[in-house]
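Working notes, structure below.
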Amino acid sequence: MAQDTAKTRTSSTIDSAMAISPDYLHTRYAPFPTINFQPIVYQEIDTSMVHISEYDPLVKVQNLYQSLGINGQAHRSMVFDIDHSLGFTMITTPYPLYFKKMQDLKLYDMATSYTDINFTWGWRRELVFSATHAQRIRQVDFVVNIDACSNPGYFIHQNVNRLNVNALVKYETPNKIYGLLAAYNLNHGKFAENGGLESCSDFTDRDPRDSALTYDLTSFAVMFSNAQTLINTHTAQLTNYVNIKNKKGNYFGTISHTLDIDNLKSVFTDHDLNNLFYLNRYYINPDTTNDSIQYFLIANTLQWSNYSPTDTLGDKAYFFRISGGLRHEFVNAQSPYYIGNSLALFARTYIRMFKVWDIYGNISYSFFGYNGYDAMAKAGFRFNINKKQRHQLGLEATFMRYAPDYIFSHYYGNNNAWLKTWKKQNVFKASAYWTILDYSLRFNFINAGKYVFLNSSFEPMQLEKPFQVLELLLYAPIRTKHFSLDAELALQHSTNKAITVPLFAGKLSAVYRTGIFNKKLHFQVGVDLFYNTKYYADGYNPILHQFYAQEYISTGHYLYINAHVAFRVKRITFFVRGGNLLAGILSFHYITTPGYPMQGQSVQAGINWKFYD
């Protein structure tokens with residue numbers, strides 16, 4: 001992420017064409033500060049056209065993901081990683097790019113207001129809409145986001161309806177003694193679960209001259225014809241903080257209290273059950289399934305810090321920032337059953353020395369409950385070679401010892417049931433990275449012991465021996481006056497065959513842009529490529545909302561090509577995008593998740609409208 005340049009607000013700035021634009025007001029954004037807030041680092045709103053056609057997060061250059069084929073469905077990163085945050089986790093939902101968390105919300109720094117509206121239409125009635133509005137009224141900033149998707153799919157029983165709504169408010173008194181941060185986030189998803197194709201080979205090996213099989217994809221049999229998933233998550237956070245100062249204005253730190261509320265309910269229903277998928281395993285009813293997961297969490301966090309939640313990183317040559325606190329969680333889960341309390345201590349620091357050395361770290365330890373004796377620690381060092389160019393070298397190390405998601409320990413449904421006790425998972429991650437401007441090169445080493453995952457029998461299991469994953473990741477955004485090239489490349493190796501990763505996965509996006517009609521109309525044409533080597537990608541179990549390890553069906557070794565044209569007049573940008581142009585020409589092996597073919601040749605059209613008032 002770019003370092004904060006500490007710019008003051010201006011009425012105009014230099015846009016991507018390196019010209020003063022009267023239609024742009026200086027606007028920046030930064031992640032919403034959660035309980036582990038760090039000094040804020042703002043980055044500029046991207047006003048270029050380069051990524052305008054990437055309406056779906058899954059097609060963005062930086063996202064190397066396997067998915068279930070269409071916008072809005074479950075997905076999983078092809079780049080292996082293990083991450084865990086402080087506290088209880090019931091289930092990790094498989095929608096990381098669609099279901100937002102608190103840390104995904106954004107604060108905006110603007111002169112008055114900022115609005116961004118996007119609408120995309122696909123030729124199979126795929127509809128995507130998103131809108132953001134941020135407003136400043138005196139001492140109050142508020143932001144509202146809406147992100148919605150409706151997609152009927154193209155195989156039997158594949159439709160998706162998804163909605164995310166979030167809002168946040170930031171307020172600080174004129175004397176900067178008291179401040180408030182509040183946020184609410186809703187994720188809603190209703191998914192028709194077809195369980196994938198009964199036979200992948202029928203799809204991949206078909207004759208392209210058979211128009212009935214090429215264009216009428218409803219002729220392919222699917223696992224489920226009636227299954228549905230409904231998921232709703234509600235999260236809310238309220239932080240009140242007080243900056244302690246004496247009459248002379250001397251600052252003695254900030255005391256903050258944060259209230260978190262988290263609620264999740266998911267329901268999977270099906271009838272006329274398909275034994276090919278259910279493995280003839282029934283614990284409640286062989287005719288219908290109605291499985292639910294429900295939990296409610298409330299947490300209170302009290303902490304002291306020598307900086308406030310809205311402080312920016314700044315350009316001081318020396319500083320020492322530290323914070324620590326206590327967090328209490330209460331969890332009430334109805335299905336699977338769990339009621340418990342936990343208490344955690346945590347601390348973190350950020351130190352700058354000699355203008356160019358940054359040292360940072362955090363540590364936490366949990367007591368009581370399911371997460372009792374969980375421990376996490378992270379330390380990092382960064383050398384700032386050139387701050388203006390954001391030229392840095394860095395090292396990071398993370399250790400985590402924690403209980404797996406509770407659903408892996410206790411679950412009771414119509415087709416799956418277990419009650420297990422696991423040893424704590426132990427994960428060590430070490431990273432070395434180099435960045436300059438927006439370019440980054442990173443090497444990751446991950447060592448995981450007692451790792452818990454879902455096997456091919458849809459049962460959780462724990463690996464007794466530790467395994468290692470090595471990763472080399474490159475992101476390169478090349479910019480010239482008329483040409484842009486973005487590349488995201490990943491090389492990986494896993495020492496355990498149960499933890500499979502593609503040896504190589506990468507995306508390239510090349511764009512040529514120019515101005516016509518006295519530069520009143522900006523025109524752009526681009527092409528995107530995506531490829532990954534063959535590997536045994538994880539399968540997907542819609543009953544449990546989880547990906548699982550399998551070693552029977554390999555995916556990959558297929559080149560995806562997309563192309564788009566776009567043009568902009570002042571603040572309005574239009575685009576037309578053609579997807580998977582080689583489908584049926586190269587082959588029909590466009591599958592990233594076993595049983596779930598990606599969308600074939602497709603066309604989408606969209607509009608983006610930004611307001612700066």
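Here's how to read the names in the structure tokens: chain A, B, ... by the order shown, residue numbers from 1 in each chain, ligand numbers from 1 in the order shown.
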
>> If we count only C-alpha atoms and set the cut-off at 7 Å, which residues sit around A:Thr592, ignoring sequence neighbours fewer than 6 positions away in its own chain? Please answer as a list in words.
In response: Gln66, Ser67, Thr555 and Gly556 of chain A

Selected residues, N, CA and C atoms, written as a PDB file, in the first residue's frame, please.
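Listing of again-v4.pdb after writing:
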```
ATOM      1  N   GLN A  66      -9.790 -19.724  -8.054  1.00  0.00           N
ATOM      2  CA  GLN A  66     -10.688 -20.708  -8.653  1.00  0.00           C
ATOM      3  C   GLN A  66     -12.101 -20.354  -8.216  1.00  0.00           C
ATOM      4  N   SER A  67     -13.096 -20.667  -9.049  1.00  0.00           N
ATOM      5  CA  SER A  67     -14.463 -20.304  -8.712  1.00  0.00           C
ATOM      6  C   SER A  67     -15.412 -21.363  -9.251  1.00  0.00           C
ATOM      7  N   THR A 555      -7.350 -29.804 -12.991  1.00  0.00           N
ATOM      8  CA  THR A 555      -7.823 -28.649 -13.754  1.00  0.00           C
ATOM      9  C   THR A 555      -6.614 -27.801 -14.141  1.00  0.00           C
ATOM     10  N   GLY A 556      -6.821 -26.899 -15.078  1.00  0.00           N
ATOM     11  CA  GLY A 556      -5.749 -26.011 -15.498  1.00  0.00           C
ATOM     12  C   GLY A 556      -5.269 -26.300 -16.906  1.00  0.00           C
TER      13      GLY A 556
END
```

Per-residue nearest contacts stretch 58-141 of chain A to stretch 598-613 of chain A, cut-off 7 Å, using only C-alpha atoms, as a tab-separated table:
```
residue	atom	partner	partner_atom	distance
A:Leu68	CA	A:Met598	CA	6.9
A:Gly69	CA	A:Met598	CA	3.7
A:Ile70	CA	A:Gln599	CA	6.1
A:Thr112	CA	A:Asp613	CA	6.4
A:Ser113	CA	A:Asp613	CA	5.7
A:Tyr114	CA	A:Tyr612	CA	5.1
A:Thr115	CA	A:Phe611	CA	4.9
A:Asp116	CA	A:Lys610	CA	4.5
A:Ile117	CA	A:Trp609	CA	5.2
A:Asn118	CA	A:Asn608	CA	4.5
A:Phe119	CA	A:Ile607	CA	5.4
A:Thr120	CA	A:Gly606	CA	4.0
A:Trp121	CA	A:Ala605	CA	5.4
A:Gly122	CA	A:Gln604	CA	4.2
A:Trp123	CA	A:Val603	CA	5.9
```

Store the residues of this selection in a file with N, CA and C atoms, as a CSV table (one decimal), in the first residue's frame.
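Dumped everything to part.csv:
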```csv
chain,number,residue,atom,x,y,z
A,68,LEU,N,-16.7,-21.1,-9.0
A,68,LEU,CA,-17.7,-22.1,-9.5
A,68,LEU,C,-18.3,-21.6,-10.9
A,69,GLY,N,-17.6,-20.7,-11.6
A,69,GLY,CA,-17.9,-20.5,-13.0
A,69,GLY,C,-18.6,-19.2,-13.3
A,70,ILE,N,-19.4,-18.6,-12.4
A,70,ILE,CA,-20.0,-17.4,-12.7
A,70,ILE,C,-19.9,-16.4,-11.6
A,112,THR,N,-15.5,17.6,-0.1
A,112,THR,CA,-16.9,17.7,0.2
A,112,THR,C,-17.6,16.4,0.1
A,113,SER,N,-17.7,15.8,-1.1
A,113,SER,CA,-18.3,14.5,-1.3
A,113,SER,C,-17.7,13.8,-2.5
A,114,TYR,N,-18.0,12.5,-2.5
A,114,TYR,CA,-17.5,11.6,-3.6
A,114,TYR,C,-18.5,10.5,-3.8
A,115,THR,N,-18.8,10.3,-5.1
A,115,THR,CA,-19.8,9.3,-5.5
A,115,THR,C,-19.3,8.5,-6.7
A,116,ASP,N,-19.5,7.2,-6.6
A,116,ASP,CA,-19.0,6.3,-7.7
A,116,ASP,C,-20.2,5.3,-8.0
A,117,ILE,N,-20.7,5.2,-9.2
A,117,ILE,CA,-21.8,4.4,-9.6
A,117,ILE,C,-21.3,3.5,-10.7
A,118,ASN,N,-21.6,2.2,-10.6
A,118,ASN,CA,-21.2,1.2,-11.6
A,118,ASN,C,-22.4,0.3,-11.9
A,119,PHE,N,-22.7,0.1,-13.2
A,119,PHE,CA,-23.7,-0.9,-13.6
A,119,PHE,C,-23.2,-1.7,-14.8
A,120,THR,N,-23.4,-3.0,-14.7
A,120,THR,CA,-23.0,-3.9,-15.8
A,120,THR,C,-24.1,-4.9,-16.1
A,121,TRP,N,-24.3,-5.1,-17.4
A,121,TRP,CA,-25.3,-6.0,-18.0
A,121,TRP,C,-24.6,-7.0,-18.8
A,122,GLY,N,-25.0,-8.3,-18.6
A,122,GLY,CA,-24.5,-9.4,-19.4
A,122,GLY,C,-25.6,-10.0,-20.3
A,123,TRP,N,-25.2,-10.6,-21.4
A,123,TRP,CA,-26.1,-11.1,-22.4
A,123,TRP,C,-27.0,-12.2,-21.9
```

> What lies within 7 Å of A:Asp141 using only C-alpha atoms, ignoring chain neighbours under 3 positions off, as a list in words?
Replying inline: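 These residues fall inside the cut-off: Gln135, Arg136, Ile137, Val169, Lys170 and Tyr171 of chain A.
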
> Skipping near chain neighbours, those fewer than 5 positions away, what residues fall within 6 Å of A:Ile561 using only C-alpha atoms, listed as a PyMOL selection string?
Replying inline: chain A and resi 528-529+580-581

Residue selection dump (all heavy atoms) as a PDB file, in the first residue's frame:
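Written out: selection_12.pdb:
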```pdb
ATOM      1  N   ASP A 528      -7.008  -9.320 -21.872  1.00  0.00           N
ATOM      2  CA  ASP A 528      -6.595  -9.970 -20.621  1.00  0.00           C
ATOM      3  C   ASP A 528      -6.314 -11.445 -20.891  1.00  0.00           C
ATOM      4  O   ASP A 528      -7.041 -12.094 -21.664  1.00  0.00           O
ATOM      5  CB  ASP A 528      -7.692  -9.879 -19.563  1.00  0.00           C
ATOM      6  CG  ASP A 528      -8.171  -8.456 -19.338  1.00  0.00           C
ATOM      7  OD1 ASP A 528      -7.336  -7.543 -19.436  1.00  0.00           O
ATOM      8  OD2 ASP A 528      -9.382  -8.282 -19.075  1.00  0.00           O
ATOM      9  N   LEU A 529      -5.302 -11.982 -20.230  1.00  0.00           N
ATOM     10  CA  LEU A 529      -4.958 -13.392 -20.338  1.00  0.00           C
ATOM     11  C   LEU A 529      -4.812 -13.974 -18.941  1.00  0.00           C
ATOM     12  O   LEU A 529      -4.280 -13.320 -18.034  1.00  0.00           O
ATOM     13  CB  LEU A 529      -3.638 -13.599 -21.096  1.00  0.00           C
ATOM     14  CG  LEU A 529      -3.601 -13.240 -22.581  1.00  0.00           C
ATOM     15  CD1 LEU A 529      -3.264 -11.763 -22.744  1.00  0.00           C
ATOM     16  CD2 LEU A 529      -2.574 -14.086 -23.313  1.00  0.00           C
ATOM     17  N   ASN A 580     -13.718 -15.057 -22.260  1.00  0.00           N
ATOM     18  CA  ASN A 580     -13.344 -16.425 -22.636  1.00  0.00           C
ATOM     19  C   ASN A 580     -13.505 -16.646 -24.142  1.00  0.00           C
ATOM     20  O   ASN A 580     -14.208 -17.544 -24.597  1.00  0.00           O
ATOM     21  CB  ASN A 580     -14.181 -17.435 -21.845  1.00  0.00           C
ATOM     22  CG  ASN A 580     -13.548 -18.811 -21.801  1.00  0.00           C
ATOM     23  OD1 ASN A 580     -12.444 -19.038 -22.316  1.00  0.00           O
ATOM     24  ND2 ASN A 580     -14.254 -19.752 -21.201  1.00  0.00           N
ATOM     25  N   LEU A 581     -12.821 -15.835 -24.921  1.00  0.00           N
ATOM     26  CA  LEU A 581     -13.006 -15.830 -26.375  1.00  0.00           C
ATOM     27  C   LEU A 581     -12.571 -17.125 -27.055  1.00  0.00           C
ATOM     28  O   LEU A 581     -13.009 -17.418 -28.169  1.00  0.00           O
ATOM     29  CB  LEU A 581     -12.234 -14.645 -26.980  1.00  0.00           C
ATOM     30  CG  LEU A 581     -12.638 -13.258 -26.467  1.00  0.00           C
ATOM     31  CD1 LEU A 581     -11.808 -12.183 -27.133  1.00  0.00           C
ATOM     32  CD2 LEU A 581     -14.130 -13.005 -26.700  1.00  0.00           C
TER      33      LEU A 581
END
```

>> Ranking A:Gln62, A:Ser130, A:Asn414, A:Thr218 by minimum distance to A:Val79 and counting only C-alpha atoms, which one comes first?
In response: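 Among the listed residues, the smallest separation from A:Val79 belongs to A:Gln62.
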
>> What's the separation between atom CA of A:Phe443 and atom CA of A:Tyr42, in Å to one decimal place?
In response: 25.3 Å

>> Neighbouring residues of stretch 44-53 of chain A were defined as those with any atom within 9 Å, considering only C-alpha atoms; residues of the same chain fewer than 3 positions away were excluded. Please report them as a ChimeraX atom specification.
In response: /A:2,15-17,24,26-29,56,59-61,484,509-513,522-524,526,564-568,573-577,604-608,610

>> Considering only strand (DSSP E) as DSSP defines it on the backbone, what residues of stretch 262-363 of chain A qualify? List them as a ChimeraX atom specification.
In response: /A:262-271,288-305,319-335,337-353,357-363

> Mind pulling up the distance from atom CA of A:Gln228 to atom CA of A:Asn285?
Replying inline: 16.9 Å

>> Could you check the closest approach to A:Met376 for each of A:Arg442, A:Arg348, A:Arg162, A:Arg206 and tell me which residue wins, using only C-alpha atoms?
In response: A:Arg348

> Which residues come within 12 Å of A:Leu544, counting only C-alpha atoms, excluding same-chain residues fewer than 5 positions away, as a ChimeraX atom specification?
Replying inline: /A:74,91-94,193,195,229,231,266-269,278,290-293,407-408,411-417,454,458-460,539

Output C-alpha atoms for every residue in that selection, as an mmCIF file, in the first residue's frame.
```cif
data_model
loop_
_atom_site.group_PDB
_atom_site.id
_atom_site.type_symbol
_atom_site.label_atom_id
_atom_site.label_comp_id
_atom_site.auth_asym_id
_atom_site.auth_seq_id
_atom_site.Cartn_x
_atom_site.Cartn_y
_atom_site.Cartn_z
ATOM 1 C CA ALA A 74 -18.086 -19.404 -4.064
ATOM 2 C CA ILE A 91 -16.946 -20.840 9.842
ATOM 3 C CA THR A 92 -14.974 -19.158 7.088
ATOM 4 C CA THR A 93 -17.472 -18.471 4.321
ATOM 5 C CA PRO A 94 -16.179 -19.133 0.767
ATOM 6 C CA GLU A 193 -26.727 -25.050 -5.639
ATOM 7 C CA GLY A 195 -23.410 -29.289 -7.014
ATOM 8 C CA THR A 229 -28.337 -21.955 0.159
ATOM 9 C CA ILE A 231 -26.693 -16.931 3.974
ATOM 10 C CA SER A 266 -26.956 -20.046 6.820
ATOM 11 C CA VAL A 267 -29.521 -22.601 5.669
ATOM 12 C CA PHE A 268 -29.004 -25.360 3.099
ATOM 13 C CA THR A 269 -32.144 -27.113 1.825
ATOM 14 C CA TYR A 278 -24.642 -37.552 -0.534
ATOM 15 C CA ASN A 290 -32.588 -28.685 5.992
ATOM 16 C CA ASP A 291 -29.199 -27.895 7.567
ATOM 17 C CA SER A 292 -28.448 -24.616 9.307
ATOM 18 C CA ILE A 293 -25.509 -22.865 10.950
ATOM 19 C CA ILE A 407 -17.437 -26.184 12.451
ATOM 20 C CA PHE A 408 -14.484 -28.587 12.052
ATOM 21 C CA TYR A 411 -21.171 -30.309 13.338
ATOM 22 C CA TYR A 412 -24.473 -32.160 13.052
ATOM 23 C CA GLY A 413 -26.419 -32.129 9.804
ATOM 24 C CA ASN A 414 -28.467 -34.492 7.693
ATOM 25 C CA ASN A 415 -25.480 -35.835 5.782
ATOM 26 C CA ASN A 416 -22.460 -34.918 7.902
ATOM 27 C CA ALA A 417 -21.886 -35.248 11.619
ATOM 28 C CA LEU A 454 -11.773 -31.154 4.687
ATOM 29 C CA PHE A 458 -16.178 -34.466 3.321
ATOM 30 C CA GLU A 459 -14.706 -35.210 6.744
ATOM 31 C CA PRO A 460 -12.346 -32.895 8.641
ATOM 32 C CA GLY A 539 -13.574 -29.441 -4.964
#
```

>> Would you compute the distance between atom CA of A:Gln468 and atom CA of A:Tyr451? Give it in Å to one decimal.
In response: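 Result for atom CA of A:Gln468 versus atom CA of A:Tyr451: 11.2 Å, one decimal.
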
>> Please list as a ChimeraX atom specification every residue within 8 Å of stretch 252-265 of chain A, counting only C-alpha atoms and excluding residues in the same chain fewer than 4 positions away.
In response: /A:35,231-245,292-308

>> Using DSSP secondary structure from the backbone, list all alpha helix (DSSP H) positions within stretch 228-400 of chain A, as a PyMOL selection string.
In response: chain A and resi 275-278

Since we have the selection now, will you write its residues out, keeping N, CA, C and O atoms, as a short mmCIF file (atom, residue, chain, number, x, y, z; two decimals), in the first residue's frame?
```
data_model
loop_
_atom_site.label_atom_id
_atom_site.label_comp_id
_atom_site.auth_asym_id
_atom_site.auth_seq_id
_atom_site.Cartn_x
_atom_site.Cartn_y
_atom_site.Cartn_z
N ASN A 275 -27.91 -39.49 -4.35
CA ASN A 275 -26.98 -40.32 -3.58
C ASN A 275 -25.56 -40.27 -4.13
O ASN A 275 -24.60 -40.60 -3.42
N LEU A 276 -25.40 -39.89 -5.39
CA LEU A 276 -24.07 -39.81 -5.96
C LEU A 276 -23.22 -38.79 -5.21
O LEU A 276 -22.01 -38.96 -5.05
N PHE A 277 -23.84 -37.75 -4.70
CA PHE A 277 -23.12 -36.74 -3.93
C PHE A 277 -23.24 -36.99 -2.43
O PHE A 277 -22.27 -36.82 -1.69
N TYR A 278 -24.42 -37.38 -1.97
CA TYR A 278 -24.64 -37.55 -0.53
C TYR A 278 -24.02 -38.83 0.01
O TYR A 278 -24.02 -39.06 1.22
#
```

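You can rank A:Leu279, A:Leu313, A:Ala563, A:Ala432 by their closest distance to A:Ser457 using only C-alpha atoms, and at the top of that list sits A:Leu279.
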
> Of the candidates A:Tyr558, A:Glu54, A:Leu473, A:Ser201, which one gets nearest to A:Thr435 if we count only C-alpha atoms?
Replying inline: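 Of the candidates, the smallest distance to A:Thr435 is held by A:Leu473.
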
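Each of A:Lys420, A:Lys481, A:His75, A:Lys570 was compared to A:Tyr406 using only C-alpha atoms, and A:Lys420 turns out to be the nearest.
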